[in-house]
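Inspection log for the structure reproduced underneath, given as structure tokens.
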Amino acid sequence: MAKVLIVEDDLLTGKGLEAIINSINSKIEIDITGYAGKALNYIKKANYDMFLLDIQLKDYSGFELAKEIRNIDNYKLTPIIFITAIPTRELMAFKEIHCYDYIVKPFKEEEVRNTLRTVINHGIIVEEKVYLKLKQKDYSYLVKQDEIIYIEAKNKKVFIITINESIDLSTYTLKQLLDKLTTNFIRCHKGYIINLNYIKKIDKANNDIYLHGIELPIPVGRKYRDYIGSKIYEFN
């Protein structure tokens, strides 16, 4: 589920933004705080898909908070929208922080709704449902989940095998990736995640799974057999 953090020290403004987001998609989880320090604590405990940051916070500069967010690998490209009463500073935001957009206070509800609707419906929600969003150093990948055949962990790296390419990553574990994937994916071995839609046949005698487009079989680990049996063996 998508998650948004609002950092705004005016409670009414923060609640107003929360209401607008809820009117666009009521399933989005929203956290609100008026302090940058608390925001950083939230960020350490949860994964956010969008940030709304007031530029003039009581305890900290919104710009400085945004810089700290950008220094976290997972948030190099996460949408940041600034809330400001000083629109002349938006150029600094775009150049230094690479923010997505800005909201000028006092804001008009419909203008804010249009701005947020674009990010929510064509950004965080689409990526959550259809794409696997990956970040590697300064690069970001969007991989269509239905094109992923399987994922393998080997030699301290993770390899995502799709119908078109192989992507190797050094910043993820299989567990982290599985949390991002749809229910079409299941872990069948300590070193493998497979896409159920690509199963061609199952060799129960040897505990192997054959996938479309892949010559070699994928092993089923002993500790995973009972767990995945009802989900996988129905494909045979």
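As shown in the structure tokens, the chain order sets the letters A, B, ...; within each chain, residues go from 1, and ligands are also counted from 1 in the order they appear.
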As number ranges by chain, please: all residues of stretch 23-179 of chain A that backbone DSSP puts in helix (DSSP H, G or I). A: 23-24, 36-45, 62-70, 73-75, 87-97, 109-130, 145-147, 174-179
Restrict the calculation to only C-alpha atoms, then for each residue of stretch 171-214 of chain A with any atom at most 12 Å from an atom of stretch 40-62 of chain A give the closest atom pair and their distance in Å to one decimal, rows by chain and rising residue number, as a Markdown table.
| residue | atom | partner | partner_atom | distance |
| --- | --- | --- | --- | --- |
| A:Gln176 | CA | A:Asn47 | CA | 11.5 |
| A:Asp179 | CA | A:Asn47 | CA | 11.4 |
| A:Lys180 | CA | A:Asn47 | CA | 11.0 |
Identify, on the basis of only C-alpha atoms, every residue whose closest approach to A:Val7 does not exceed 10 Å; exclude the query and any residue fewer than 2 positions from it along the same chain; express the result as an MDAnalysis selection string. chainID A and resid 4:5 9:11 14 31:36 38:39 51:55 57 62 65 82:83
Mind writing the picked residues with N, CA and C atoms as a compact mmCIF listing (two decimals), in the first residue's frame?
# COMPACT_ATOMS: atom_id res chain seq x y z
N VAL A 4 2.40 8.08 2.35
CA VAL A 4 2.80 9.47 2.15
C VAL A 4 3.13 10.11 3.49
N LEU A 5 4.18 10.95 3.49
CA LEU A 5 4.53 11.69 4.70
C LEU A 5 4.34 13.19 4.44
N ASP A 9 4.04 22.30 9.73
CA ASP A 9 3.86 22.69 11.13
C ASP A 9 2.55 23.43 11.39
N ASP A 10 1.78 23.73 10.35
CA ASP A 10 0.44 24.27 10.54
C ASP A 10 -0.54 23.11 10.48
N LEU A 11 -1.17 22.79 11.60
CA LEU A 11 -2.01 21.61 11.70
C LEU A 11 -3.16 21.63 10.69
N GLY A 14 -1.88 20.84 7.24
CA GLY A 14 -1.55 19.41 7.15
C GLY A 14 -2.80 18.55 7.02
N ASP A 31 1.07 9.84 7.11
CA ASP A 31 1.61 10.28 8.40
C ASP A 31 1.81 11.79 8.32
N ILE A 32 1.57 12.47 9.43
CA ILE A 32 1.73 13.92 9.49
C ILE A 32 2.57 14.29 10.71
N THR A 33 3.52 15.19 10.52
CA THR A 33 4.27 15.74 11.63
C THR A 33 4.63 17.18 11.30
N GLY A 34 4.83 17.98 12.33
CA GLY A 34 5.23 19.37 12.12
C GLY A 34 6.71 19.60 12.33
N TYR A 35 7.44 18.52 12.57
CA TYR A 35 8.86 18.66 12.91
C TYR A 35 9.75 17.79 12.02
N ALA A 36 10.83 18.37 11.54
CA ALA A 36 11.76 17.65 10.68
C ALA A 36 12.40 16.48 11.42
N LYS A 38 11.17 14.61 13.80
CA LYS A 38 10.23 13.49 13.85
C LYS A 38 10.07 12.86 12.47
N ALA A 39 10.11 13.69 11.44
CA ALA A 39 9.99 13.18 10.07
C ALA A 39 11.12 12.21 9.77
N PHE A 51 6.61 12.64 -0.53
CA PHE A 51 6.79 13.56 0.60
C PHE A 51 6.20 14.93 0.25
N LEU A 52 5.45 15.50 1.19
CA LEU A 52 5.00 16.89 1.10
C LEU A 52 5.68 17.64 2.22
N LEU A 53 6.56 18.59 1.88
CA LEU A 53 7.40 19.24 2.87
C LEU A 53 7.18 20.75 2.89
N ASP A 54 6.86 21.27 4.06
CA ASP A 54 6.81 22.73 4.24
C ASP A 54 8.25 23.24 4.23
N ILE A 55 8.50 24.31 3.48
CA ILE A 55 9.86 24.83 3.39
C ILE A 55 10.28 25.50 4.69
N LEU A 57 9.87 25.21 8.31
CA LEU A 57 9.49 24.50 9.51
C LEU A 57 10.05 25.19 10.74
N GLY A 62 12.96 23.20 5.48
CA GLY A 62 12.42 22.14 4.63
C GLY A 62 13.39 21.74 3.54
N LEU A 65 15.88 19.38 5.13
CA LEU A 65 15.24 18.08 5.32
C LEU A 65 15.18 17.31 4.00
N PHE A 82 7.07 20.53 -2.43
CA PHE A 82 7.28 21.53 -1.39
C PHE A 82 6.01 22.34 -1.16
N ILE A 83 5.81 22.75 0.10
CA ILE A 83 4.72 23.64 0.49
C ILE A 83 5.38 24.96 0.91
Name the residues of stretch 23-225 of chain A that fall into strand (DSSP E or B) according to DSSP on the backbone, using the chain letters and numbers of this document, as a PyMOL selection string. chain A and resi 29-33+50-54+56+61+80-84+101-104+131-136+139-144+148-154+157-162+166-169+185-189+192-195+199-203+208-211+218-219
Which one of A:Glu68, A:Lys201, A:His98, A:Ile24 sits closest to A:Thr115 if you count only C-alpha atoms?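 The answer is A:Ile24, which sits nearest to A:Thr115.
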For the atom pair atom CA of A:Ala2 and atom CA of A:Thr118, what is the interatomic distance in Å to one decimal place? 14.4 Å
Determine the nearest neighbour of A:Tyr224 from the options A:Ile72, A:Leu12, A:Leu211, A:Ile186, counting only C-alpha atoms.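 Selected residue with least distance to A:Tyr224: A:Ile186.
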Find, counting only C-alpha atoms, the residue in A:Asn155, A:Thr13, A:Asn22, A:Asn74 that gets nearest to A:Phe107.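 Closest candidate: A:Thr13.
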Would you list the contacts of A:Val143 as an NGL selection string, taking every protein, DNA or RNA residue within 12 Å and counting only C-alpha atoms, but skipping same-chain residues closer than 3 positions in sequence? :A and (126-135 or 140 or 146-149 or 160-167 or 180-181)
From the set A:Val158, A:Ile218, A:Val112, A:Leu177, which residue has the shortest atom-to-atom contact distance to A:Asn206, counting only C-alpha atoms?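 Looking only at the distances to A:Asn206, the closest residue turns out to be A:Ile218.
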